[in-house]
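One file, query10.txt, carrying compact mmCIF, C-alpha atoms:
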# COMPACT_ATOMS: atom_id res chain seq x y z
CA MET W 393 98.16 100.54 78.44
CA ASN W 394 94.91 102.39 79.29
CA ASP W 395 93.40 102.16 82.77
CA ILE W 396 89.65 102.71 82.52
CA LYS W 397 87.30 102.96 85.48
CA ASN W 398 83.59 103.42 86.05
CA ASN W 399 81.28 102.75 88.98
CA LYS W 400 81.11 99.02 88.25
CA VAL W 401 84.42 97.85 86.87
CA SER W 402 88.03 98.83 86.25
CA PHE W 403 89.92 97.46 83.28
CA ASN W 404 93.01 97.94 81.14
CA ILE W 405 93.24 97.83 77.35
CA VAL W 406 96.39 95.94 76.33
CA PRO W 407 97.81 94.47 73.10
CA ILE W 408 97.07 90.84 72.26
CA THR W 409 100.15 88.70 71.54
CA ASP W 410 100.74 85.12 70.43
CA ASN W 411 100.96 84.19 74.12
CA ASP W 412 97.27 85.04 74.48
CA LYS W 413 95.98 82.63 71.83
CA GLN W 414 94.62 80.05 74.26
CA ILE W 415 92.89 82.68 76.38
CA MET W 416 91.39 84.05 73.18
CA ARG W 417 90.22 80.60 72.06
CA ASN W 418 88.54 79.99 75.40
CA SER W 419 86.70 83.30 75.29
CA LEU W 420 85.58 82.82 71.70
CA ARG W 421 84.11 79.42 72.53
CA GLN W 422 82.41 80.60 75.68
CA TYR W 423 80.90 83.83 74.37
CA PHE W 424 81.47 84.88 70.74
CA PHE W 425 80.52 81.68 68.91
CA ARG W 426 77.47 81.31 71.12
CA ASP W 427 76.17 84.89 70.89
CA GLU W 428 77.36 86.38 67.57
CA PRO W 429 74.21 86.55 65.38
CA LEU W 430 75.50 84.59 62.38
CA CYS W 431 77.05 81.85 64.52
CA ALA W 432 74.00 81.69 66.76
CA SER W 433 71.53 81.44 63.88
CA LEU W 434 73.43 78.52 62.34
CA GLY W 435 74.28 76.77 65.60
CA LEU W 436 77.95 76.85 64.54
CA ILE W 437 79.16 75.79 67.96
CA LYS W 438 77.55 72.36 67.39
CA GLU W 439 79.56 71.66 64.21
CA LYS W 440 83.07 70.80 65.42
CA GLU W 441 84.92 71.28 62.13
CA SER W 442 83.35 74.68 61.51
CA LEU W 443 84.04 75.72 65.09
CA ILE W 444 87.72 74.87 64.74
CA GLN W 445 87.97 76.62 61.35
CA PHE W 446 86.40 79.82 62.65
CA GLU W 447 88.48 79.66 65.81
CA ASN W 448 91.66 79.43 63.71
CA PHE W 449 90.46 82.26 61.47
CA CYS W 450 90.00 84.49 64.51
CA THR W 451 93.27 83.67 66.27
CA ASP W 452 95.23 84.03 63.01
CA LEU W 453 94.36 87.73 63.14
CA ILE W 454 96.72 88.13 66.09
CA LYS W 455 99.70 87.88 63.71
CA TYR W 456 99.00 91.41 62.42
CA GLY W 457 100.01 92.84 65.79
CA VAL W 458 97.16 95.37 65.97
CA SER W 459 94.66 93.61 68.25
CA PHE W 460 93.64 94.52 71.80
CA MET W 461 91.91 93.01 74.79
CA ALA W 462 90.30 94.39 77.92
CA ILE W 463 91.71 92.95 81.14
CA SER W 464 90.08 93.30 84.55
CA ALA W 465 92.26 95.41 86.83
CA GLU W 466 91.05 93.38 89.81
CA THR W 467 91.19 89.78 88.59
CA GLY W 468 93.28 89.82 85.40
CA GLU W 469 90.39 88.17 83.53
CA MET W 470 89.98 88.90 79.82
CA MET W 471 86.70 90.80 79.49
CA GLY W 472 86.61 91.44 75.75
CA ALA W 473 88.73 91.80 72.64
CA ALA W 474 89.08 93.48 69.26
CA LEU W 475 90.84 91.26 66.73
CA ASN W 476 92.08 93.57 63.99
CA SER W 477 94.00 93.30 60.73
CA THR W 478 95.75 95.51 58.20
CA VAL W 479 94.38 95.82 54.66
CA CYS W 480 96.30 97.51 51.85
CA ARG W 481 95.17 98.46 48.36
CA SER W 482 98.21 96.72 46.90
CA ASN W 483 97.27 93.40 48.54
CA GLU W 484 94.95 90.97 46.84
CA ILE W 485 91.60 90.91 48.64
CA LYS W 486 91.25 87.49 50.24
CA GLN W 487 88.20 85.34 49.57
CA TYR W 488 87.53 82.98 52.46
CA GLY W 489 84.33 81.27 51.35
CA ASP W 490 83.43 78.78 48.63
CA GLU W 491 79.82 78.80 47.44
CA ASN W 492 80.17 75.17 46.35
CA LYS W 493 81.04 73.93 49.84
CA SER W 494 78.55 73.17 52.58
CA SER W 495 79.46 73.99 56.17
CA LYS W 496 78.40 76.52 58.75
CA TYR W 497 81.82 78.19 58.72
CA ASN W 498 81.71 78.45 54.94
CA ASP W 499 78.22 79.99 55.01
CA ILE W 500 79.59 82.81 57.17
CA MET W 501 82.66 83.33 55.02
CA VAL W 502 80.52 83.51 51.86
CA ILE W 503 78.38 86.36 53.18
CA LEU W 504 81.50 88.21 54.35
CA ASP W 505 83.04 87.79 50.88
CA LYS W 506 79.84 89.01 49.21
CA ALA W 507 79.65 92.09 51.43
CA GLY W 508 83.32 92.90 50.78
CA ARG W 509 82.95 92.59 47.00
CA GLU W 510 79.80 94.67 46.87
CA THR W 511 81.22 97.34 49.15
CA ASP W 512 84.44 97.67 47.08
CA VAL W 513 85.88 99.99 49.70
CA PHE W 514 89.02 100.89 47.73
CA GLY W 515 86.84 101.65 44.70
CA GLN W 516 84.63 103.90 46.81
CA TYR W 517 87.63 105.64 48.35
CA PRO W 518 90.32 105.97 45.64
CA ASN W 519 92.61 108.02 47.92
CA ILE W 520 92.76 105.34 50.62
CA ASP W 521 95.72 102.94 50.49
CA ARG W 522 95.83 101.43 53.99
CA MET W 523 93.15 100.72 56.54
CA MET W 524 92.69 98.89 59.81
CA GLU W 525 89.89 96.34 59.78
CA LEU W 526 88.18 95.56 63.09
CA LYS W 527 87.36 91.98 62.17
CA ILE W 528 86.10 90.52 65.46
CA ILE W 529 84.78 92.51 68.42
CA THR W 530 83.63 90.49 71.41
CA VAL W 531 82.75 91.31 75.01
CA ASN W 532 82.09 88.68 77.68
CA GLU W 533 78.41 88.53 78.61
CA GLU W 534 78.70 89.78 82.18
CA TYR W 535 80.68 92.87 81.11
CA ARG W 536 78.46 94.12 78.30
CA GLY W 537 77.10 97.65 78.55
CA LEU W 538 80.10 98.92 80.52
CA GLY W 539 81.89 100.74 77.68
CA ILE W 540 84.36 97.96 76.87
CA CYS W 541 83.46 97.84 73.17
CA LYS W 542 83.90 101.61 72.94
CA ALA W 543 87.26 101.43 74.73
CA LEU W 544 88.52 98.67 72.40
CA ILE W 545 87.51 100.63 69.30
CA ASN W 546 89.05 103.84 70.63
CA LYS W 547 92.34 102.09 71.46
CA SER W 548 92.37 100.55 67.97
CA LYS W 549 91.78 104.01 66.50
CA GLU W 550 94.66 105.40 68.53
CA LEU W 551 97.02 102.79 67.07
CA ALA W 552 95.63 103.25 63.56
CA LEU W 553 96.43 106.96 63.72
CA GLU W 554 99.89 106.24 65.14
CA LEU W 555 100.64 103.82 62.27
CA GLY W 556 99.37 106.22 59.61
CA TYR W 557 96.28 104.27 58.55
CA GLN W 558 93.78 106.35 56.60
CA MET W 559 90.61 104.49 57.51
CA MET W 560 89.03 102.05 59.93
CA TYR W 561 86.60 99.43 58.59
CA VAL W 562 84.25 97.19 60.53
CA GLU W 563 81.76 94.51 59.49
CA CYS W 564 78.77 94.57 61.84
CA SER W 565 76.70 91.40 61.97
CA SER W 566 75.35 92.55 65.33
CA HIS W 567 72.92 95.43 65.86
CA PHE W 568 74.82 96.43 68.97
CA THR W 569 78.22 96.57 67.25
CA ALA W 570 76.71 98.74 64.50
CA LYS W 571 75.22 101.09 67.08
CA ALA W 572 78.54 101.34 68.93
CA ALA W 573 80.35 102.16 65.67
CA GLU W 574 77.79 104.81 64.75
CA ARG W 575 78.09 106.47 68.16
CA LEU W 576 81.85 106.72 67.58
CA GLY W 577 81.42 108.48 64.25
CA PHE W 578 81.60 105.56 61.82
CA GLN W 579 79.54 105.87 58.63
CA CYS W 580 77.49 102.99 57.23
CA ILE W 581 78.46 102.33 53.59
CA TYR W 582 76.77 98.95 53.08
CA SER W 583 73.75 97.10 54.42
CA LEU W 584 72.12 93.76 53.67
CA SER W 585 68.92 92.49 55.27
CA TYR W 586 69.31 88.92 56.51
CA LEU W 587 65.83 88.15 55.17
CA ASP W 588 66.99 89.13 51.67
CA TYR W 589 70.07 86.91 51.79
CA VAL W 590 69.08 83.49 50.42
CA ASN W 591 70.84 80.39 49.13
CA LYS W 592 70.48 78.79 45.69
CA GLN W 593 67.25 77.14 46.83
CA GLY W 594 65.78 80.51 47.80
CA GLU W 595 65.99 79.78 51.51
CA VAL W 596 66.99 82.41 54.07
CA VAL W 597 70.46 81.43 55.28
CA PHE W 598 70.66 83.38 58.54
CA LYS W 599 67.46 83.36 60.59
CA THR W 600 68.81 85.81 63.15
CA GLN W 601 66.93 86.96 66.22
CA PRO W 602 65.84 90.61 66.66
CA PRO W 603 67.30 93.17 66.87
CA HIS W 604 69.92 91.61 64.58
CA THR W 605 68.18 92.04 61.23
CA ILE W 606 70.77 93.75 59.02
CA PHE W 607 74.43 93.13 58.17
CA LYS W 608 76.28 96.46 57.89
CA ILE W 609 79.73 97.72 57.03
CA HIS W 610 80.94 100.94 58.64
CA VAL W 611 84.03 103.04 57.98
CA LEU W 612 85.76 105.91 59.73
CA LEU W 613 88.10 108.21 57.85
CA LEU W 614 91.16 109.13 59.90
As C-alpha cells:
Amino acid sequence: MNDIKNNKVSFNIVPITDNDKQIMRNSLRQYFFRDEPLCASLGLIKEKESLIQFENFCTDLIKYGVSFMAISAETGEMMGAALNSTVCRSNEIKQYGDENKSSKYNDIMVILDKAGRETDVFGQYPNIDRMMELKIITVNEEYRGLGICKALINKSKELALELGYQMMYVECSSHFTAKAAERLGFQCIYSLSYLDYVNKQGEVVFKTQPPHTIFKIHVLLL
C-alpha cells in the first residue's frame, strides 16, 4: 500500500478485489460514464442496456487481479481507479464489438476493436510476449488534478515490473489521460481523429467536446 500526500489530500493506492465491485460500479456510474469522452458524446448513461453492458465489462477486469484504486486516508472514500488486464501474445485477441449491431455500448467496442487491430501491438513489437493493459482509468471529479492518475499508473507499473511484464499499454480516449501517459514516458503508437471516424452512412460517430479530439494508444516498454 502506498501512502501519498500533498497539500490538499492524502490517499492510499490499494489493490481492487471482488469485494470492491459495488463500490466500483457506483463510481463508474457517477463519474466515468458521465465524463469519459466516448460515453459522454453518445449519452451512454441514458441507454440502460448499454450502461449495464459497459459496467459489466469494466468490473469483469477485476478478475485479472492487477487493478488498483485510490482511497482517501481521511474518509476511506474511493477517489479513483485503474482497471487493468493481462494480455499475452499466445492468447487470442478478443473482439468485443459487432459492426452489425446498434447500441451505444457496441459503438464504443467497435472503435476499440478497430484501434487494436490497426495498432497490431504484437506485430509492432515481436519481442514482447506479455503486457499489462490499463483499460479504464477514472478519477472522481473533485479529486482531479491532484496526481491520482499518475499515482495509479505508477503503482500499476510497479506491479507490472514485479510480475515480469515487458510492456504497458493504454487506450486514451481522453486528452487528459493521453497527456498523463506522455508525462510518464509512454510513447504514442496510434492515433485516430474522432472527426475522421464515421459510420457506414458517413456520419461522425463520436462528436466529442474539445480538447478530446483524438483517440490514442500509448505504450511503455519495461
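Using only C-alpha atoms, the nearest neighbour of Lys599 (chain W) within the list W:Cys431, W:Arg426, W:Ala473, W:Lys571 is W:Cys431.
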So what do you get for CA of Gly435 (chain W) versus CA of Gly539 (chain W), distance-wise?
-> 27.9 Å
Nearby residues (all atoms listed in the file) at most 10 Å from Lys549 (chain W), same-chain spacing under 2 positions excluded, as a ChimeraX atom specification = /W:524,526,543-547,551-555,557,559-560,612,614
Near region 451-465 of chain W, within 6 Å and counting only C-alpha atoms, which residues show up once chain neighbours fewer than 4 positions away are dropped, as a list of chain:residue names?
->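 My list of contacting residues is W:Ser402, W:Phe403, W:Asn404, W:Ile405, W:Val406, W:Pro407, W:Ile408, W:Glu469, W:Met470, W:Met471, W:Gly472, W:Ala473, W:Ala474, W:Leu475, W:Asn476, W:Ser477.
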Find the spatial neighbours of Lys400 (chain W), counting only C-alpha atoms, within a cut-off of 12 Å - ignore same-chain residues fewer than 4 positions away - and output them as a VMD selection string.
-> chain W and resid 396 464 to 466 534 to 540
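As for CA of Cys450 (chain W) and CA of Thr478 (chain W), they are spaced 13.9 Å apart.
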Please indicate the distance in Å from CA of Cys541 (chain W) to CA of Arg522 (chain W), rounded to one decimal place.
->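 Result for CA of Cys541 (chain W) versus CA of Arg522 (chain W): 23.1 Å, one decimal.
By chain and then residue number, the residues within 8 Å of Pro429 (chain W) are W:Asp427, W:Cys431, W:Ala432, W:Ser433, W:Ser565, W:Ser566, W:Thr600, W:Gln601, W:His604, counting only C-alpha atoms and disregarding those fewer than 2 positions away in sequence.
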One residue among W:Leu504, W:Asn532, W:Phe514, W:Ser494 is nearest to Leu420 (chain W) when using only C-alpha atoms, and that residue is W:Asn532
What are the centre and the three edge lengths of an axis-aligned box that wraps all atoms of region 540-547 of chain W in the file, given that 5 Å is added to every side, written as AutoDock Vina command-line options and rounded to one decimal in Å?
--center_x 87.9 --center_y 100.8 --center_z 73.1 --size_x 18.9 --size_y 16.0 --size_z 17.6
Which residues come within 8 Å of Ala570 (chain W), counting all atoms listed in the file, excluding same-chain residues fewer than 6 positions away, as a VMD selection string?
-> chain W and resid 564 608 610
W:Val531, W:Ile415, W:Leu443, W:Ile520: which is nearest Gln558 (chain W), counting all atoms listed in the file?
-> W:Ile520
Set out as a tab-separated table a contact list for region 474-542 of chain W and region 578-588 of chain W with a cut-off of 12 Å, giving each residue of region 474-542 of chain W that qualifies its closest atom pair and distance in Å to one decimal, counting all atoms listed in the file, ordered by chain and rising residue number.
residue	atom	partner	partner_atom	distance
W:Ile500	CA	W:Tyr586	CA	12.0
W:Ile503	CA	W:Leu584	CA	9.7
W:Leu504	CA	W:Leu584	CA	10.9
W:Lys506	CA	W:Leu584	CA	10.1
W:Ala507	CA	W:Tyr582	CA	7.6
W:Gly508	CA	W:Tyr582	CA	9.2
W:Arg509	CA	W:Tyr582	CA	10.8
W:Glu510	CA	W:Tyr582	CA	8.1
W:Thr511	CA	W:Tyr582	CA	6.2
W:Asp512	CA	W:Tyr582	CA	9.8
W:Val513	CA	W:Ile581	CA	8.7
W:Gln516	CA	W:Ile581	CA	9.3
W:Tyr517	CA	W:Ile581	CA	11.1
W:Ser419, W:Ser442, W:Thr530, W:Asn591 ranked by distance to Ser495 (chain W), top pick (using only C-alpha atoms) =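 Looking only at the distances to Ser495 (chain W), the closest residue turns out to be W:Ser442.
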Looking at W:Ile444, W:Glu533, W:Arg417, W:Glu525, which one is nearest to Ser548 (chain W), with distances taken over only C-alpha atoms?
->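 Once distances to Ser548 (chain W) are computed over only C-alpha atoms, the minimum belongs to W:Glu525.
The nearest approach to Lys527 (chain W) among the residues W:Ile609, W:Leu576, W:Leu434, W:Cys480, with all atoms listed in the file taken into account, belongs to W:Ile609.
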